[in-house]
There are 2 protein chains.
Amino acid sequence: MATFKTVKGFRDFYPEDCAIRNFIFDTWRSVARRYGFVEYEGPALESTDLFRKKSGDEITGQLFCFEDKAKRELSMRPEVTPSLARMATARQRDYKKPLKWFQIGSCFRYEEPQEGRTREFIQFNADILGDASPAADAELIALSIDVARAFGLKKEDFIIRLSNRQIWTTFLADRNIAEEHTSTFLQIIDKIERTKPEDTATKLEAIGLSYGDVRAFMDTTDDSHPAFAELKAALEARGLWSFIKIDASIVRGLAYYTGTVFEVFDLQHDLRAVAGGGRYDKLCALMTDGSVDMPAAGFAMGDVVLGLLLKKTPGAQFKLTEALLAASSIDAYIVVADEAQRGNALATLQALRDAGHRVDTSFGQTKVGKQFQAAEERKARLAIVFGSEYPQVVVKNLIARSQVEVPAADLIGHIQATLATAPHGILLA
Amino acid sequence: MATFKTVKGFRDFYPEDCAIRNFIFDTWRSVARRYGFVEYEGPALESTDLFRKKSGDEITGQLFCFEDKAKRELSMRPEVTPSLARMATARQRDYKKPLKWFQIGSCFRYEEPQEGRTREFIQFNADILGDASPAADAELIALSIDVARAFGLKKEDFIIRLSNRQIWTTFLADRNIAEEHTSTFLQIIDKIERTKPEDTATKLEAIGLSYGDVRAFMDTTDDSHPAFAELKAALEARGLWSFIKIDASIVRGLAYYTGTVFEVFDLQHDLRAVAGGGRYDKLCALMTDGSVDMPAAGFAMGDVVLGLLLKKTPGAQFKLTEALLAASSIDAYIVVADEAQRGNALATLQALRDAGHRVDTSFGQTKVGKQFQAAEERKARLAIVFGSEYPQVVVKNLIARSQVEVPAADLIGHIQATLATAPHGILLA
C-alpha cells in the first residue's frame with residue numbers, strides 16, 4: 001500500500017493516460033498550425049492581482065493562491081487569458097497584427113471536483129488579437145469546428161451554439177433599460193435555461209422587463225439577425241455554417257465578453273460545454289489601464305470534458321486506440337538467445353536507434369520465451385534473434401508471422417527496408 | 001507600459017521562445033521513444049510531506065509551498081522523482097518490469113535566479129524501475145548521450161562524468177571508517193573541486209581520513225575499477241564509451257543515490273551540468289515505508305542550461321533556426337485582390353486546411369501589397385491570388401519566384417502537387 005496519495009482534484013497520467021493526453025495535444029497543435037496560429041506559453045504562477053484585475057476580488061475564492069517567502073501574493077493560473085493579455089500588450093509592437101496565438105497548458109481552480117471538472121486541467125487556448133472583424137470571429141469558430149472534427153467528432157456529435165452580446169445590448173436600448181442593468185440582465189439570461197420561468201420573471205421585472213418579451217425575442221432570434229450577417233457569410237463560404245445553431249441564451253458567464261460568444265456543445269451525452277469563447281475587445285485596455293487598446297477574441301477547450309466525450313464517441317474511439325498503440329509500440333525487439341552475442345546485439349540496438357527506429361532489448365540473461373513475450377507485449381513488429389548461429393541473425397516478422405535468416409553484415413539494411421515497407425502496428429496484422 | 005510583470009524567476013514563452021522549447025520537447029520525446037521509453041506525467045502540485053519524505057524538512061526552504069483553503073500542506077513540485085516513486089509503487093503490479101518511463105514537465109524551486117537557474121524550469125526525466133543491473137545504468141547513460149547528440153552536440157561539446165558511490169563505500173570500509181560518516185564524507189567529496197585543499201583536509205581528518213590518501217585514490221581511479229566493468233562492456237558494445245570520463249569527485253548532491261552516478265557536462269562553456277542522475281535503489285522502499293522495494297535509476301535534464309548551451313554551440317544553432325522556421329512558416333497565403341472573390345478564396349482556404357496544409361489569409365479588405373508582405377513575413381511557400389481574372393487563379397511560388405495561372409477547378413490538385421514536391425522552407429530558396 002502506498003503511503004502518499006494524489007492531491008484531491010489532481011491527476012496522475014500513467015503511460016496509457018499520457019498517450020491519450022498527447023494525442024489531444026498533438027491534435028490541438030496540428031489544427032491550430034493549419035490555421036496559421038503560432039504557439040506561446042505563459043508561467044503557471046502569476047501575481048494574484050493579475051487575476052483580480054480581470055475578474056474582481058471574488059476570483060480568489062477559486063484560486064490556489066498564497067504568499068511566497070518574500071510575501072508576494074501569487075496564484076497558480078486558473079486560466080490563461082490574463083497572461084496572454086499581459087504578454088501581448090507588453091510586446092505588441094514587436095508583432096504584426098493580427099496576432100494569431102495558441103497555447104496548451106495546465107490551469108488550476110479550487111473548485112469541487114465532479115465529472116468533467118478537476119482542480120488541475122489542461123486547456124487549449126486560441127486567440128486573435130488586433131483585429132475587430134467578424135471575419136476573425138469566423139476564423140476562431142471554424143478552428144473550433146475543425147479541432148472537433150480532427151478528433152473524429154462528426155456533425156451528429158456536436159454543434160456550435162452561437163450568439164452575440166450586442167443583440168441583447170440593442171434589445172435593452174430599444175426598451176430604454178439603463179446600461180447599469182446590462183450585467184444583471186446577462187446573468188439572468190445565462191441562467192435562464194436552468195431557472196424556473198417564474199423566478200426568471202421576477203428577476204426581469206425588477207429591472208423593468210417582462211419574461212414574455214424576453215422569451216419571445218430569444219425564440220425568434222435566428223441567423224437573419226444583422227449581428228450575424230458577416231459571420232454567416234464567412235462560415236458559409238467555408239461550408240461550415242451547418243455546424244452553427246443561433247442560441248440567444250448563450251452569453252457565457254464571464255463578464256468580459258463584448259460581442260460574439262459561442263460554445264462547442266456535444267449533442268449526444270449532455271456533458272458540459274466542450275469549449276467556449278468569444279470577443280473581448282476591452283480586456284487589453286483594462287489590463288493596461290488604458291495604455292494598450294487592442295481588440296481580441298478567442299476560445300478555450302479543456303481536456304477533461306473533451307476526454308470524456310472522445311471516450312463515448314465511436315468516431316473518436318478508434319483514434320484513441322491508434323494513439324495508444326503509436327505511443328507504446330516499438331519497431332523491433334532484440335532477443336539475445338546466446339549471451340555470448342550480447343555485444344553484437346547491443347551494437348545492432350545502437351545502430352537501429354541511431355537510424356531513428358524504436359528498439360528495445362532485455363537488460364541481462366533472460367529466458368528466450370520471456371524475451372519473445374516482452375516483444376509481443378511491446379507490440380514490436382520485428383524480433384531480431386542473436387543466437388549461436390551468429391553471424392546469421394534470425395529476423396521474425398511478428399505481424400506476418402514469418403521469419404528469415406540474414407547475415408549480420410546485411411542486417412541493418414534488411415531491417416530498415418522491412419520497417420519502411422511493412423505496415424506499422426499490430427492493428428493491421 | 002504594461003501594468004503587470006512576470007513573477008520573479010518565471011518565464012514568458014513568446015512564439016519564438018516557444019518554438020525552441022517545443023524543439024527541445026520533441027527531441028527529448030523522440031529519442032526516449034527510440035529507446036522504448038513510454039511517457040507519463042504527474043501533477044504539478046503534491047502534498048508537501050511527499051517531498052519532506054524524500055529530502056528531509058530542509059527541503060521546504062526551497063519549495064513554493066502553502067496551505068490550501070482546506071489547510072492541506074501542498075507544494076509545487078521541485079522535481080518529479082517523488083511523484084514517480086508514488087505513482088510507480090502504487091501500481092507496480094499493473095506493469096511489466098522493468099518500467100522504462102519518461103516525463104517532460106515544469107518544476108518549481110524557490111531559489112535565487114541566476115544564469116542557468118530559474119524558479120520555473122522544465123525537466124526531462126527518464127527512469128528505469130524494477131531492474132538493478134549495470135545494463136540498465138548503461139541504457140540511461142546511452143540515452144543521455146543520444147539526447148545530447150540529437151540536439152546537434154558533438155564529441156567536442158560534451159562529456160559524461162561518471163562515478164559510482166560504491167567505490168567510496170569500499171574505500172571507507174577498507175579504511176575502517178564507520179558507516180555513520182559516509183554521508184558527511186560524500187558531501188566533502190561533492191564539494192572538493194570548489195574547496196581549498198586545506199579546508200577539505202581539515203574536514204577529512206575529522207572523520208579519520210587524510211587528504212593525500214583521498215586525493216591519490218581519486219586521481220588513480222579509472223575505468224579499470226571493477227565497479228565500472230559491466231557498464232563499460234555495455235557502453236563499449238554500443239560504441240559510446242569514448243563519451244565517458246571516470247571522475248570519482250562526482251557523487252551528486254542528493255543523498256538518495258546508491259550506485260552509479262553521472263553528469264552530462266559541456267566542455268566548451270563552463271556551464272552547470274546539463275543533466276545528472278544515477279541509481280537510487282532505496283527510494284521506493286523509503287516512500288512506501290518498506291512495502292514496495294523496487295530498484296531504480298534515472299536522470300533529469302533541464303531546459304535552462306541546455307537552452308544556453310544550444311545557443312552557444314554551432315552544431316545546435318542550425319537546428320534551432322530550423323525549428324523556428326518550422327514553427328512559424330506556412331505553406332500558402334491566400335491573397336484576395338478582388339473583394340468579390342473572398343467567398344471563393346475562403347472555400348479554397350478551407351479545402352487546403354482540410355487537406356492538412358498550413359494556410360492563412362487576411363480578415364478583410366487589405367491592399368494587395370500588404371497581403372504579399374504578410375505572405376513573405378509568414379515565409380509562405382505559395383501566394384494564391386484571387387483577382388478579377390477568376391476563375392483563373394494566380395499561384396506564385398515565393399521561393400522559386402515563379403508564377404502560373406491555374407483554373408479554379410484544378411487549383412487544389414495543383415497546389416497539393418506543388419507542396420508535395422517543392423522543398424519546404426525559405427532556407428532552401
# chains A, B, ... in the order shown; residues from 1 in each chain; ligands from 1
$ select_by_dssp --residues "stretch 60-199 of chain A" --states "strand (DSSP E or B)" --output "ChimeraX atom specification"
/A:65-67,73-76,99-108,114,117,120-129,158-164
$ write_last_selection --atoms "N, CA and C atoms" --output "mmCIF file, in the first residue's frame"
data_model
loop_
_atom_site.group_PDB
_atom_site.id
_atom_site.type_symbol
_atom_site.label_atom_id
_atom_site.label_comp_id
_atom_site.auth_asym_id
_atom_site.auth_seq_id
_atom_site.Cartn_x
_atom_site.Cartn_y
_atom_site.Cartn_z
ATOM 1 N N CYS A 65 -4.084 30.239 -4.283
ATOM 2 C CA CYS A 65 -3.304 31.462 -4.108
ATOM 3 C C CYS A 65 -2.580 31.409 -2.771
ATOM 4 N N PHE A 66 -1.456 32.065 -2.698
ATOM 5 C CA PHE A 66 -0.650 32.028 -1.472
ATOM 6 C C PHE A 66 0.354 33.166 -1.492
ATOM 7 N N GLU A 67 0.985 33.372 -0.341
ATOM 8 C CA GLU A 67 2.102 34.317 -0.263
ATOM 9 C C GLU A 67 3.387 33.530 -0.356
ATOM 10 N N GLU A 73 2.016 38.038 -3.279
ATOM 11 C CA GLU A 73 0.748 37.320 -3.433
ATOM 12 C C GLU A 73 0.725 36.677 -4.804
ATOM 13 N N LEU A 74 0.797 35.357 -4.841
ATOM 14 C CA LEU A 74 0.883 34.630 -6.107
ATOM 15 C C LEU A 74 -0.278 33.645 -6.238
ATOM 16 N N SER A 75 -0.610 33.319 -7.478
ATOM 17 C CA SER A 75 -1.656 32.328 -7.736
ATOM 18 C C SER A 75 -1.255 31.432 -8.885
ATOM 19 N N MET A 76 -1.590 30.163 -8.729
ATOM 20 C CA MET A 76 -1.499 29.263 -9.866
ATOM 21 C C MET A 76 -2.625 29.687 -10.829
ATOM 22 N N LEU A 99 -2.326 39.199 -34.227
ATOM 23 C CA LEU A 99 -1.646 38.063 -33.606
ATOM 24 C C LEU A 99 -2.608 36.876 -33.642
ATOM 25 N N LYS A 100 -2.127 35.751 -34.113
ATOM 26 C CA LYS A 100 -2.925 34.508 -34.031
ATOM 27 C C LYS A 100 -2.104 33.555 -33.175
ATOM 28 N N TRP A 101 -2.444 33.493 -31.912
ATOM 29 C CA TRP A 101 -1.615 32.769 -30.935
ATOM 30 C C TRP A 101 -2.422 31.651 -30.281
ATOM 31 N N PHE A 102 -1.766 30.507 -30.092
ATOM 32 C CA PHE A 102 -2.416 29.450 -29.317
ATOM 33 C C PHE A 102 -1.491 28.950 -28.219
ATOM 34 N N GLN A 103 -2.092 28.274 -27.263
ATOM 35 C CA GLN A 103 -1.359 27.849 -26.065
ATOM 36 C C GLN A 103 -1.965 26.546 -25.588
ATOM 37 N N ILE A 104 -1.147 25.696 -24.993
ATOM 38 C CA ILE A 104 -1.607 24.441 -24.388
ATOM 39 C C ILE A 104 -0.916 24.316 -23.039
ATOM 40 N N GLY A 105 -1.670 24.265 -21.954
ATOM 41 C CA GLY A 105 -1.013 24.137 -20.660
ATOM 42 C C GLY A 105 -1.995 23.983 -19.514
ATOM 43 N N SER A 106 -1.454 23.661 -18.332
ATOM 44 C CA SER A 106 -2.280 23.392 -17.156
ATOM 45 C C SER A 106 -2.843 24.666 -16.546
ATOM 46 N N CYS A 107 -4.073 24.569 -16.066
ATOM 47 C CA CYS A 107 -4.691 25.605 -15.249
ATOM 48 C C CYS A 107 -5.194 24.949 -13.973
ATOM 49 N N PHE A 108 -5.429 25.782 -12.951
ATOM 50 C CA PHE A 108 -5.717 25.272 -11.612
ATOM 51 C C PHE A 108 -6.879 26.044 -11.003
ATOM 52 N N GLN A 114 -15.849 17.120 -9.793
ATOM 53 C CA GLN A 114 -17.006 16.292 -10.172
ATOM 54 C C GLN A 114 -16.778 15.821 -11.599
ATOM 55 N N ARG A 117 -14.894 17.898 -14.219
ATOM 56 C CA ARG A 117 -14.215 19.022 -13.572
ATOM 57 C C ARG A 117 -13.163 18.534 -12.585
ATOM 58 N N GLU A 120 -6.848 20.467 -11.465
ATOM 59 C CA GLU A 120 -5.818 20.767 -12.468
ATOM 60 C C GLU A 120 -6.338 20.231 -13.789
ATOM 61 N N PHE A 121 -6.399 21.069 -14.790
ATOM 62 C CA PHE A 121 -6.872 20.629 -16.098
ATOM 63 C C PHE A 121 -6.012 21.329 -17.139
ATOM 64 N N ILE A 122 -6.082 20.815 -18.338
ATOM 65 C CA ILE A 122 -5.241 21.385 -19.390
ATOM 66 C C ILE A 122 -6.144 22.034 -20.426
ATOM 67 N N GLN A 123 -5.806 23.256 -20.770
ATOM 68 C CA GLN A 123 -6.604 23.988 -21.750
ATOM 69 C C GLN A 123 -5.823 24.232 -23.022
ATOM 70 N N PHE A 124 -6.554 24.214 -24.113
ATOM 71 C CA PHE A 124 -6.089 24.737 -25.388
ATOM 72 C C PHE A 124 -6.754 26.097 -25.547
ATOM 73 N N ASN A 125 -5.938 27.126 -25.705
ATOM 74 C CA ASN A 125 -6.449 28.477 -25.913
ATOM 75 C C ASN A 125 -6.014 28.976 -27.278
ATOM 76 N N ALA A 126 -6.949 29.479 -28.069
ATOM 77 C CA ALA A 126 -6.611 30.100 -29.349
ATOM 78 C C ALA A 126 -7.215 31.498 -29.351
ATOM 79 N N ASP A 127 -6.403 32.482 -29.656
ATOM 80 C CA ASP A 127 -6.867 33.872 -29.618
ATOM 81 C C ASP A 127 -6.344 34.657 -30.812
ATOM 82 N N ILE A 128 -7.137 35.621 -31.235
ATOM 83 C CA ILE A 128 -6.711 36.553 -32.283
ATOM 84 C C ILE A 128 -6.757 37.944 -31.676
ATOM 85 N N LEU A 129 -5.614 38.625 -31.661
ATOM 86 C CA LEU A 129 -5.550 39.969 -31.089
ATOM 87 C C LEU A 129 -5.211 40.973 -32.176
ATOM 88 N N PHE A 158 -21.716 17.043 -32.395
ATOM 89 C CA PHE A 158 -21.546 18.348 -31.737
ATOM 90 C C PHE A 158 -22.164 19.473 -32.557
ATOM 91 N N ILE A 159 -22.354 20.589 -31.890
ATOM 92 C CA ILE A 159 -22.865 21.776 -32.566
ATOM 93 C C ILE A 159 -22.242 23.009 -31.911
ATOM 94 N N ILE A 160 -22.168 24.089 -32.673
ATOM 95 C CA ILE A 160 -21.719 25.369 -32.118
ATOM 96 C C ILE A 160 -22.950 26.182 -31.753
ATOM 97 N N ARG A 161 -23.104 26.480 -30.478
ATOM 98 C CA ARG A 161 -24.178 27.392 -30.055
ATOM 99 C C ARG A 161 -23.614 28.798 -30.071
ATOM 100 N N LEU A 162 -24.237 29.649 -30.874
ATOM 101 C CA LEU A 162 -23.664 30.960 -31.181
ATOM 102 C C LEU A 162 -24.616 32.090 -30.802
ATOM 103 N N SER A 163 -24.053 33.119 -30.247
ATOM 104 C CA SER A 163 -24.827 34.338 -30.047
ATOM 105 C C SER A 163 -23.883 35.538 -30.131
ATOM 106 N N ASN A 164 -24.453 36.712 -29.843
ATOM 107 C CA ASN A 164 -23.659 37.938 -29.838
ATOM 108 C C ASN A 164 -24.252 38.833 -28.762
#
$ residues_around --residues "A:Arg378" --least-positions-apart "3" --cutoff "7 Å" --atoms "only C-alpha atoms" --output "number ranges by chain"
A: 328-330, 374-375
$ residues_around --residues "stretch 366-372 of chain B" --least-positions-apart "3" --cutoff "10 Å" --atoms "only C-alpha atoms" --output "list in words"
Tyr333, Ile334, Val335, Val336, Ala337, Asp338, Glu339, Thr361, Ser362, Phe363, Ala375, Glu376, Glu377, Arg378, Ala380, Ala383, Ile384, Val385 and Leu398 of chain B
$ closest_residue --among "B:Ala409, B:Ala237, B:Val80, B:Ile415" --to "chain A" --atoms "only C-alpha atoms"
B:Ala237
$ residues_around --residues "A:Lys311" --least-positions-apart "4" --cutoff "12 Å" --atoms "only C-alpha atoms" --output "PyMOL selection string"
chain A and resi 17+20+151-153+269+303-307+315-321
$ write_last_selection --atoms "all heavy atoms" --output "compact mmCIF listing (two decimals), in the first residue's frame"
# COMPACT_ATOMS: atom_id res chain seq x y z
N ASP A 17 -2.68 6.88 -19.99
CA ASP A 17 -3.40 8.16 -19.93
C ASP A 17 -2.62 9.24 -20.67
O ASP A 17 -3.18 10.12 -21.32
CB ASP A 17 -3.58 8.62 -18.47
CG ASP A 17 -4.12 7.51 -17.58
OD1 ASP A 17 -5.12 6.89 -17.96
OD2 ASP A 17 -3.53 7.28 -16.51
N ILE A 20 -3.10 9.30 -24.41
CA ILE A 20 -4.34 9.98 -24.82
C ILE A 20 -4.15 11.49 -24.70
O ILE A 20 -4.54 12.26 -25.60
CB ILE A 20 -5.53 9.52 -23.93
CG1 ILE A 20 -5.73 8.01 -24.03
CG2 ILE A 20 -6.80 10.29 -24.29
CD1 ILE A 20 -6.09 7.51 -25.39
N PHE A 151 -10.68 15.33 -34.04
CA PHE A 151 -10.76 14.28 -33.01
C PHE A 151 -11.69 13.14 -33.43
O PHE A 151 -11.88 12.19 -32.67
CB PHE A 151 -11.27 14.87 -31.69
CG PHE A 151 -10.23 15.66 -30.94
CD1 PHE A 151 -10.39 17.01 -30.69
CD2 PHE A 151 -9.08 15.03 -30.48
CE1 PHE A 151 -9.43 17.73 -29.99
CE2 PHE A 151 -8.12 15.75 -29.77
CZ PHE A 151 -8.30 17.10 -29.53
N GLY A 152 -12.28 13.25 -34.62
CA GLY A 152 -13.19 12.21 -35.07
C GLY A 152 -14.64 12.49 -34.75
O GLY A 152 -15.51 11.65 -34.96
N LEU A 153 -14.94 13.69 -34.22
CA LEU A 153 -16.33 14.05 -33.94
C LEU A 153 -17.01 14.46 -35.25
O LEU A 153 -16.39 15.12 -36.09
CB LEU A 153 -16.41 15.19 -32.93
CG LEU A 153 -15.76 14.91 -31.57
CD1 LEU A 153 -15.86 16.13 -30.67
CD2 LEU A 153 -16.41 13.70 -30.90
N HIS A 269 -24.49 13.40 -25.27
CA HIS A 269 -24.23 12.91 -23.92
C HIS A 269 -24.52 13.92 -22.81
O HIS A 269 -24.23 13.66 -21.66
CB HIS A 269 -22.77 12.45 -23.81
CG HIS A 269 -22.42 11.42 -24.84
ND1 HIS A 269 -22.88 10.13 -24.77
CD2 HIS A 269 -21.72 11.52 -25.99
CE1 HIS A 269 -22.45 9.47 -25.84
NE2 HIS A 269 -21.75 10.29 -26.59
N ASP A 303 -9.23 19.72 -21.48
CA ASP A 303 -9.02 18.30 -21.81
C ASP A 303 -9.97 17.36 -21.09
O ASP A 303 -10.08 16.20 -21.48
CB ASP A 303 -7.57 17.90 -21.53
CG ASP A 303 -7.27 17.75 -20.03
OD1 ASP A 303 -7.76 18.59 -19.25
OD2 ASP A 303 -6.57 16.81 -19.66
N VAL A 304 -10.66 17.84 -20.04
CA VAL A 304 -11.41 16.89 -19.21
C VAL A 304 -12.74 16.50 -19.85
O VAL A 304 -13.01 15.31 -20.08
CB VAL A 304 -11.61 17.46 -17.78
CG1 VAL A 304 -12.34 16.45 -16.91
CG2 VAL A 304 -10.26 17.80 -17.15
N VAL A 305 -13.57 17.49 -20.18
CA VAL A 305 -14.84 17.19 -20.84
C VAL A 305 -14.57 16.58 -22.22
O VAL A 305 -15.20 15.59 -22.61
CB VAL A 305 -15.71 18.47 -20.97
CG1 VAL A 305 -16.99 18.16 -21.76
CG2 VAL A 305 -16.06 19.02 -19.60
N LEU A 306 -13.60 17.14 -22.91
CA LEU A 306 -13.24 16.59 -24.22
C LEU A 306 -12.88 15.10 -24.12
O LEU A 306 -13.35 14.28 -24.91
CB LEU A 306 -12.05 17.37 -24.80
CG LEU A 306 -11.51 16.86 -26.13
CD1 LEU A 306 -12.52 17.08 -27.25
CD2 LEU A 306 -10.19 17.54 -26.48
N GLY A 307 -12.06 14.78 -23.12
CA GLY A 307 -11.64 13.39 -22.94
C GLY A 307 -12.83 12.46 -22.69
O GLY A 307 -12.90 11.36 -23.25
N GLY A 315 -16.57 7.50 -33.39
CA GLY A 315 -15.63 8.04 -34.38
C GLY A 315 -14.30 8.44 -33.76
O GLY A 315 -13.27 8.48 -34.44
N ALA A 316 -14.32 8.76 -32.46
CA ALA A 316 -13.09 9.18 -31.78
C ALA A 316 -12.37 8.00 -31.13
O ALA A 316 -11.14 8.02 -31.00
CB ALA A 316 -13.43 10.23 -30.72
N GLN A 317 -13.13 6.98 -30.74
CA GLN A 317 -12.53 5.86 -30.01
C GLN A 317 -11.42 5.19 -30.82
O GLN A 317 -10.38 4.82 -30.28
CB GLN A 317 -13.61 4.82 -29.66
CG GLN A 317 -14.50 5.25 -28.50
CD GLN A 317 -15.82 4.51 -28.47
OE1 GLN A 317 -16.11 3.70 -29.34
NE2 GLN A 317 -16.63 4.80 -27.46
N PHE A 318 -11.65 5.06 -32.12
CA PHE A 318 -10.65 4.43 -32.97
C PHE A 318 -9.35 5.24 -32.95
O PHE A 318 -8.26 4.68 -32.88
CB PHE A 318 -11.18 4.30 -34.40
CG PHE A 318 -10.18 3.74 -35.36
CD1 PHE A 318 -9.83 2.39 -35.31
CD2 PHE A 318 -9.56 4.55 -36.30
CE1 PHE A 318 -8.89 1.87 -36.18
CE2 PHE A 318 -8.62 4.03 -37.18
CZ PHE A 318 -8.28 2.69 -37.12
N LYS A 319 -9.50 6.56 -32.97
CA LYS A 319 -8.31 7.41 -32.93
C LYS A 319 -7.57 7.28 -31.59
O LYS A 319 -6.35 7.33 -31.54
CB LYS A 319 -8.70 8.87 -33.17
CG LYS A 319 -9.00 9.17 -34.64
CD LYS A 319 -9.52 10.57 -34.84
CE LYS A 319 -9.87 10.80 -36.29
NZ LYS A 319 -8.69 11.25 -37.09
N LEU A 320 -8.32 7.11 -30.50
CA LEU A 320 -7.69 6.92 -29.20
C LEU A 320 -6.90 5.61 -29.18
O LEU A 320 -5.78 5.56 -28.66
CB LEU A 320 -8.74 6.91 -28.08
CG LEU A 320 -9.57 8.18 -27.88
CD1 LEU A 320 -10.51 8.02 -26.69
CD2 LEU A 320 -8.67 9.39 -27.66
N THR A 321 -7.50 4.57 -29.74
CA THR A 321 -6.83 3.27 -29.79
C THR A 321 -5.54 3.37 -30.60
O THR A 321 -4.49 2.87 -30.20
CB THR A 321 -7.76 2.20 -30.41
OG1 THR A 321 -9.00 2.24 -29.72
CG2 THR A 321 -7.16 0.82 -30.34
$ interface_residues --of "chain B" --to "chain A" --cutoff "7 Å" --atoms "only C-alpha atoms" --output "MDAnalysis selection string"
chainID B and resid 1:4 6:7 10:15 18 33:36 38:43 46:47 50 64 66 68 86 89:90 135:136 237:238 287:288 291 327:328 330 343 346:347 350 353 356:360 363
$ select_by_dssp --residues "stretch 127-242 of chain B" --states "alpha helix (DSSP H)" --output "PyMOL selection string"
chain B and resi 134-150+165-174+182-191+197-206+211-220+229-237
$ closest_residue --among "A:Trp241, A:Phe185, A:Trp168, A:Tyr95" --to "A:Thr260" --atoms "only C-alpha atoms"
A:Trp168
